[in-house]
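Worksheet: the structure to be examined is printed underneath.
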Amino acid sequence: MADFILEVENLKKYYGPVKAVDGVSFKIKQGSIFTLLGPNGAGKTTTIEIIEGLRVPDEGKVIFMGREISRVGNKEKEHIGVSLQETNLIPYLTVRETLDMFKSIFSKSLDIDEVLKMISLDDKANTYIKNLSGGQRQRLVIGLAMINDPLILFLDEPTTGLDPQARRNTWDILLELKKRGKTIVLTTHYMEEAEFLSDWVCIMDYGKIIKEGDPKSLIKSLAKESLIEAEVDANSSILERLKSTNLDFVYDTKHKRLILKTDDILSTIDLLLRLSKENSLQIKDLVIRQPNLEDVFLSLTGRTLREE
Ligand code: ATP
């Protein structure tokens, strides 16, 4: 089989003046976890729903298993597993009955007990949907997406709204699926999730891919060793002062976060403290840390991925 299970070329989808997807191209390697990372409204869902055959693009090509397809037909559906951002389940069916119902749609399917084990819901087989926790429900949605033993799974924000523990459990399931040779296409706005799981990340913003690569290389591309981050109410004259130094920095006005990039921690802190004294600037939450994907996004856009 081709190295790349899926390729898209120059996908476009406009809704009136909104360029939801604006010339997106990427290639997805067989057996990898591929992530579209971006803030709300970046165009992630539109992109994967085009690939899934749920939306019609204005332009662009989708090449699945080496063959260009104009839309996902029954043949492709047998190889694809999909979980949408919101899945309406029937509250008065049990977990097993729900899996059974989805199983009946496909000509080929996995054994339900095997799926239950994979999604760690073997002890909940007879529980009604209405009685599942958010995390359990989300795991079931992944189980439903894999009931036809697909080659490739599309998971749209599979951990949104989950607590950290439930999110970790979902990550373990996704890593296990990858071990079994599945290709996983994920959308998320959680940078830790993208960083932890992905073999390849495409960072999306306003309908475009603004950067792609493996998470480590993306982070390394920021070059400098450490970041000093502080909450400060920096006014324009302080920002001008900072600009006049050789320091590389970004200031997120919305969250009042100043991030200084440095390979000389002590002298940078010294400068920050001097600035704060001279300008009666209050510094809160001073931390020294290594760069992450959030910083990559911030340095590209000047904004954070955070929702609030
Ligand atoms: P989220 O995480 O919030 O779902 P996203 O990155 O998946 O964000 P999309 O849902 O793809 O983003 O939306 C991209 C843009 O297209 C947004 O501005 C959205 O309002 C717009 N959009 C999406 N679907 C439609 C539609 N059916 N009609 C009009 N505009 C739409």
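Residue names in the structure tokens use chain letters A, B, ... in the order shown, residue numbers from 1 in each chain, and ligand numbers from 1 in the order shown.
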### Message
When you look at Ser226 of chain A with a cut-off of 7 Å (counting only C-alpha atoms), what residues show up, excluding the ones that are within fewer than 4 positions of it in the same chain? I need them as JSON, numbers by chain.
### Response
{"A": [261, 262, 263, 288, 289, 290, 291]}
For the contact check between segment 154-175 of chain A and segment 102-126 of chain A, emit one row per residue of segment 154-175 of chain A within 12 Å, containing the shortest atom pair and the distance in Å rounded to one decimal, counting only C-alpha atoms, chain then rising number order, as a tab-separated table.
```
residue	atom	partner	partner_atom	distance
A:Ala166	CA	A:Ser120	CA	11.5
A:Asn169	CA	A:Ser120	CA	8.9
A:Thr170	CA	A:Ile119	CA	8.2
A:Trp171	CA	A:Ile119	CA	10.8
A:Asp172	CA	A:Ile119	CA	9.3
A:Ile173	CA	A:Ile119	CA	6.4
A:Leu174	CA	A:Ile119	CA	9.3
A:Leu175	CA	A:Met118	CA	10.9
```
### Task
Find the spatial neighbours of Leu271 of chain A, counting only C-alpha atoms, within a cut-off of 12 Å - ignore same-chain residues fewer than 2 positions away - and output them as an MDAnalysis selection string.
chainID A and resid 228 238 241:242 245:247 260 262 264:269 273:278
Selected residues, N, CA, C and O atoms, written as a PDB file, in the first residue's frame, please.
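Wrote again-v6.pdb, looks like this:
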```pdb
ATOM      1  N   ILE A 228      10.726  32.428  29.663  1.00  0.00           N
ATOM      2  CA  ILE A 228      10.338  33.006  30.947  1.00  0.00           C
ATOM      3  C   ILE A 228       8.973  33.620  30.712  1.00  0.00           C
ATOM      4  O   ILE A 228       8.806  34.441  29.809  1.00  0.00           O
ATOM      5  N   ILE A 238       6.410  50.010  27.895  1.00  0.00           N
ATOM      6  CA  ILE A 238       7.220  48.856  28.331  1.00  0.00           C
ATOM      7  C   ILE A 238       7.512  47.938  27.138  1.00  0.00           C
ATOM      8  O   ILE A 238       8.634  47.456  26.959  1.00  0.00           O
ATOM      9  N   ARG A 241      10.244  49.432  25.253  1.00  0.00           N
ATOM     10  CA  ARG A 241      11.538  49.183  25.921  1.00  0.00           C
ATOM     11  C   ARG A 241      12.043  47.777  25.608  1.00  0.00           C
ATOM     12  O   ARG A 241      13.212  47.574  25.314  1.00  0.00           O
ATOM     13  N   LEU A 242      11.129  46.816  25.693  1.00  0.00           N
ATOM     14  CA  LEU A 242      11.520  45.428  25.425  1.00  0.00           C
ATOM     15  C   LEU A 242      11.997  45.278  23.982  1.00  0.00           C
ATOM     16  O   LEU A 242      12.956  44.574  23.703  1.00  0.00           O
ATOM     17  N   THR A 245      15.552  46.097  23.362  1.00  0.00           N
ATOM     18  CA  THR A 245      16.598  45.142  23.769  1.00  0.00           C
ATOM     19  C   THR A 245      16.712  44.108  22.649  1.00  0.00           C
ATOM     20  O   THR A 245      15.920  44.112  21.720  1.00  0.00           O
ATOM     21  N   ASN A 246      17.667  43.195  22.794  1.00  0.00           N
ATOM     22  CA  ASN A 246      17.806  42.168  21.761  1.00  0.00           C
ATOM     23  C   ASN A 246      16.910  40.974  22.024  1.00  0.00           C
ATOM     24  O   ASN A 246      16.989  39.970  21.343  1.00  0.00           O
ATOM     25  N   LEU A 247      16.068  41.112  23.041  1.00  0.00           N
ATOM     26  CA  LEU A 247      15.287  39.939  23.453  1.00  0.00           C
ATOM     27  C   LEU A 247      14.171  39.610  22.480  1.00  0.00           C
ATOM     28  O   LEU A 247      13.501  40.488  21.943  1.00  0.00           O
ATOM     29  N   LEU A 260       9.216  35.653  27.318  1.00  0.00           N
ATOM     30  CA  LEU A 260      10.543  36.052  26.832  1.00  0.00           C
ATOM     31  C   LEU A 260      11.314  34.791  26.468  1.00  0.00           C
ATOM     32  O   LEU A 260      11.367  33.838  27.248  1.00  0.00           O
ATOM     33  N   THR A 262      14.827  33.011  25.790  1.00  0.00           N
ATOM     34  CA  THR A 262      16.207  33.322  26.166  1.00  0.00           C
ATOM     35  C   THR A 262      17.081  32.079  26.320  1.00  0.00           C
ATOM     36  O   THR A 262      16.580  30.998  26.624  1.00  0.00           O
ATOM     37  N   ASP A 264      19.775  32.860  28.224  1.00  0.00           N
ATOM     38  CA  ASP A 264      20.467  33.389  29.398  1.00  0.00           C
ATOM     39  C   ASP A 264      19.406  33.801  30.433  1.00  0.00           C
ATOM     40  O   ASP A 264      18.986  34.962  30.514  1.00  0.00           O
ATOM     41  N   ILE A 265      18.987  32.800  31.190  1.00  0.00           N
ATOM     42  CA  ILE A 265      17.844  32.982  32.104  1.00  0.00           C
ATOM     43  C   ILE A 265      18.086  34.105  33.116  1.00  0.00           C
ATOM     44  O   ILE A 265      17.243  34.985  33.305  1.00  0.00           O
ATOM     45  N   LEU A 266      19.276  34.069  33.737  1.00  0.00           N
ATOM     46  CA  LEU A 266      19.519  35.013  34.830  1.00  0.00           C
ATOM     47  C   LEU A 266      19.475  36.467  34.375  1.00  0.00           C
ATOM     48  O   LEU A 266      18.809  37.310  34.989  1.00  0.00           O
ATOM     49  N   SER A 267      20.164  36.756  33.273  1.00  0.00           N
ATOM     50  CA  SER A 267      20.188  38.171  32.872  1.00  0.00           C
ATOM     51  C   SER A 267      18.812  38.604  32.349  1.00  0.00           C
ATOM     52  O   SER A 267      18.450  39.781  32.471  1.00  0.00           O
ATOM     53  N   THR A 268      18.036  37.677  31.822  1.00  0.00           N
ATOM     54  CA  THR A 268      16.693  38.049  31.344  1.00  0.00           C
ATOM     55  C   THR A 268      15.770  38.359  32.526  1.00  0.00           C
ATOM     56  O   THR A 268      15.009  39.325  32.507  1.00  0.00           O
ATOM     57  N   ILE A 269      15.891  37.528  33.572  1.00  0.00           N
ATOM     58  CA  ILE A 269      15.084  37.810  34.770  1.00  0.00           C
ATOM     59  C   ILE A 269      15.512  39.144  35.370  1.00  0.00           C
ATOM     60  O   ILE A 269      14.683  39.961  35.788  1.00  0.00           O
ATOM     61  N   LEU A 273      13.084  42.281  36.089  1.00  0.00           N
ATOM     62  CA  LEU A 273      12.920  42.875  37.412  1.00  0.00           C
ATOM     63  C   LEU A 273      13.239  44.376  37.382  1.00  0.00           C
ATOM     64  O   LEU A 273      12.546  45.186  38.001  1.00  0.00           O
ATOM     65  N   ARG A 274      14.266  44.729  36.629  1.00  0.00           N
ATOM     66  CA  ARG A 274      14.627  46.159  36.502  1.00  0.00           C
ATOM     67  C   ARG A 274      13.468  46.941  35.875  1.00  0.00           C
ATOM     68  O   ARG A 274      13.053  47.980  36.361  1.00  0.00           O
ATOM     69  N   LEU A 275      12.943  46.363  34.800  1.00  0.00           N
ATOM     70  CA  LEU A 275      11.805  47.008  34.117  1.00  0.00           C
ATOM     71  C   LEU A 275      10.624  47.174  35.056  1.00  0.00           C
ATOM     72  O   LEU A 275       9.943  48.193  35.058  1.00  0.00           O
ATOM     73  N   SER A 276      10.400  46.147  35.860  1.00  0.00           N
ATOM     74  CA  SER A 276       9.249  46.182  36.759  1.00  0.00           C
ATOM     75  C   SER A 276       9.446  47.263  37.828  1.00  0.00           C
ATOM     76  O   SER A 276       8.520  48.002  38.162  1.00  0.00           O
ATOM     77  N   LYS A 277      10.677  47.382  38.340  1.00  0.00           N
ATOM     78  CA  LYS A 277      10.962  48.401  39.363  1.00  0.00           C
ATOM     79  C   LYS A 277      10.809  49.809  38.779  1.00  0.00           C
ATOM     80  O   LYS A 277      10.132  50.663  39.335  1.00  0.00           O
ATOM     81  N   GLU A 278      11.417  50.001  37.632  1.00  0.00           N
ATOM     82  CA  GLU A 278      11.410  51.340  37.010  1.00  0.00           C
ATOM     83  C   GLU A 278      10.006  51.800  36.634  1.00  0.00           C
ATOM     84  O   GLU A 278       9.719  52.980  36.566  1.00  0.00           O
TER      85      GLU A 278
END
```
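Distances here use only C-alpha atoms; by that measure, the residue among A:Ser221, A:Ser280, A:Ser32, A:Ser198 closest to Asp233 of chain A is A:Ser280.
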### Summary
From atom CA of Asn40 of chain A to atom CA of Leu54 of chain A the spacing works out at 19.4 Å
### Message
Hey, which residues sit close to ligand 1? Say within 9 Å, counting only C-alpha atoms and all ligand atoms, and write them as a PyMOL selection string.
### Response
chain A and resi 13-16+18-21+36-49+55+85+156-157+187-189+204-207
Convert the current residue selection to file output with N, CA and C atoms, as a compact mmCIF listing (two decimals), in the first residue's frame.
```
# COMPACT_ATOMS: atom_id res chain seq x y z
N LYS A 13 -13.23 25.53 1.00
CA LYS A 13 -14.66 25.60 1.27
C LYS A 13 -14.96 26.97 1.85
N TYR A 14 -15.73 27.74 1.11
CA TYR A 14 -16.09 29.09 1.57
C TYR A 14 -17.58 29.11 1.92
N TYR A 15 -17.89 29.78 3.01
CA TYR A 15 -19.30 30.05 3.34
C TYR A 15 -19.48 31.56 3.23
N GLY A 16 -19.96 32.00 2.10
CA GLY A 16 -20.05 33.45 1.87
C GLY A 16 -18.65 34.05 2.04
N VAL A 18 -16.81 33.83 4.64
CA VAL A 18 -15.95 33.06 5.55
C VAL A 18 -15.18 31.98 4.79
N LYS A 19 -13.86 32.13 4.80
CA LYS A 19 -13.02 31.13 4.13
C LYS A 19 -12.72 30.03 5.14
N ALA A 20 -13.68 29.12 5.32
CA ALA A 20 -13.56 28.09 6.36
C ALA A 20 -12.34 27.21 6.10
N VAL A 21 -12.15 26.80 4.86
CA VAL A 21 -10.95 26.05 4.46
C VAL A 21 -10.43 26.74 3.22
N LEU A 36 -4.80 17.83 13.33
CA LEU A 36 -5.06 19.22 12.95
C LEU A 36 -5.27 19.98 14.26
N LEU A 37 -4.35 20.89 14.53
CA LEU A 37 -4.40 21.65 15.79
C LEU A 37 -4.73 23.09 15.45
N GLY A 38 -5.69 23.66 16.16
CA GLY A 38 -5.99 25.06 15.90
C GLY A 38 -7.11 25.54 16.79
N PRO A 39 -7.29 26.84 16.91
CA PRO A 39 -8.34 27.37 17.78
C PRO A 39 -9.73 27.10 17.20
N ASN A 40 -10.76 27.38 17.98
CA ASN A 40 -12.13 27.22 17.48
C ASN A 40 -12.32 28.05 16.23
N GLY A 41 -12.96 27.44 15.24
CA GLY A 41 -13.25 28.17 14.02
C GLY A 41 -12.12 28.17 13.01
N ALA A 42 -11.04 27.44 13.29
CA ALA A 42 -9.88 27.45 12.38
C ALA A 42 -10.16 26.72 11.07
N GLY A 43 -11.15 25.84 11.09
CA GLY A 43 -11.48 25.09 9.87
C GLY A 43 -11.18 23.61 9.95
N LYS A 44 -10.90 23.12 11.16
CA LYS A 44 -10.53 21.71 11.34
C LYS A 44 -11.70 20.78 10.99
N THR A 45 -12.86 21.08 11.58
CA THR A 45 -14.01 20.21 11.36
C THR A 45 -14.41 20.22 9.89
N THR A 46 -14.43 21.39 9.29
CA THR A 46 -14.81 21.47 7.87
C THR A 46 -13.86 20.60 7.05
N THR A 47 -12.56 20.70 7.34
CA THR A 47 -11.57 19.91 6.59
C THR A 47 -11.85 18.42 6.72
N ILE A 48 -12.02 17.94 7.96
CA ILE A 48 -12.18 16.48 8.05
C ILE A 48 -13.56 16.03 7.59
N GLU A 49 -14.55 16.92 7.71
CA GLU A 49 -15.87 16.50 7.21
C GLU A 49 -15.90 16.44 5.67
N ARG A 55 -19.23 16.90 3.70
CA ARG A 55 -19.39 18.23 3.09
C ARG A 55 -18.72 18.20 1.72
N GLN A 85 -17.97 15.64 16.11
CA GLN A 85 -17.76 16.45 17.32
C GLN A 85 -18.87 16.18 18.34
N ASP A 156 -12.98 13.83 15.80
CA ASP A 156 -13.09 15.29 15.88
C ASP A 156 -13.21 15.71 17.34
N GLU A 157 -12.15 16.30 17.86
CA GLU A 157 -12.10 16.77 19.25
C GLU A 157 -12.57 15.69 20.24
N THR A 187 -8.58 15.98 15.49
CA THR A 187 -8.57 17.44 15.58
C THR A 187 -8.61 17.79 17.06
N THR A 188 -7.93 18.85 17.40
CA THR A 188 -7.92 19.26 18.80
C THR A 188 -7.53 20.73 18.91
N HIS A 189 -7.95 21.35 20.02
CA HIS A 189 -7.37 22.66 20.30
C HIS A 189 -6.52 22.59 21.58
N MET A 204 -3.51 24.84 12.20
CA MET A 204 -4.46 25.57 11.33
C MET A 204 -4.90 26.86 11.97
N ASP A 205 -5.08 27.87 11.13
CA ASP A 205 -5.62 29.14 11.60
C ASP A 205 -6.31 29.82 10.42
N TYR A 206 -7.50 30.31 10.62
CA TYR A 206 -8.27 30.98 9.56
C TYR A 206 -8.25 30.20 8.25
N GLY A 207 -8.51 28.90 8.34
CA GLY A 207 -8.69 28.09 7.12
C GLY A 207 -7.42 27.66 6.44
```
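Taking atom CA of Leu177 of chain A as the reference point, atom CA of Thr35 of chain A is found at 15.0 Å.
Residue nearest Lys220 of chain A, chosen from A:Leu298, A:Leu258, A:Leu286, A:Leu293 and counting only C-alpha atoms: A:Leu293.
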### Shell around Gly31 of chain A at 10 Å using only C-alpha atoms, local window under 2 positions removed, as a ChimeraX atom specification
/A:3-5,28-29,33-34,151-152,177-184,199
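Distance check against Asn292 of chain A using only C-alpha atoms: of A:Asn279, A:Ser217, A:Thr253, A:Thr160, the minimum falls on A:Ser217.
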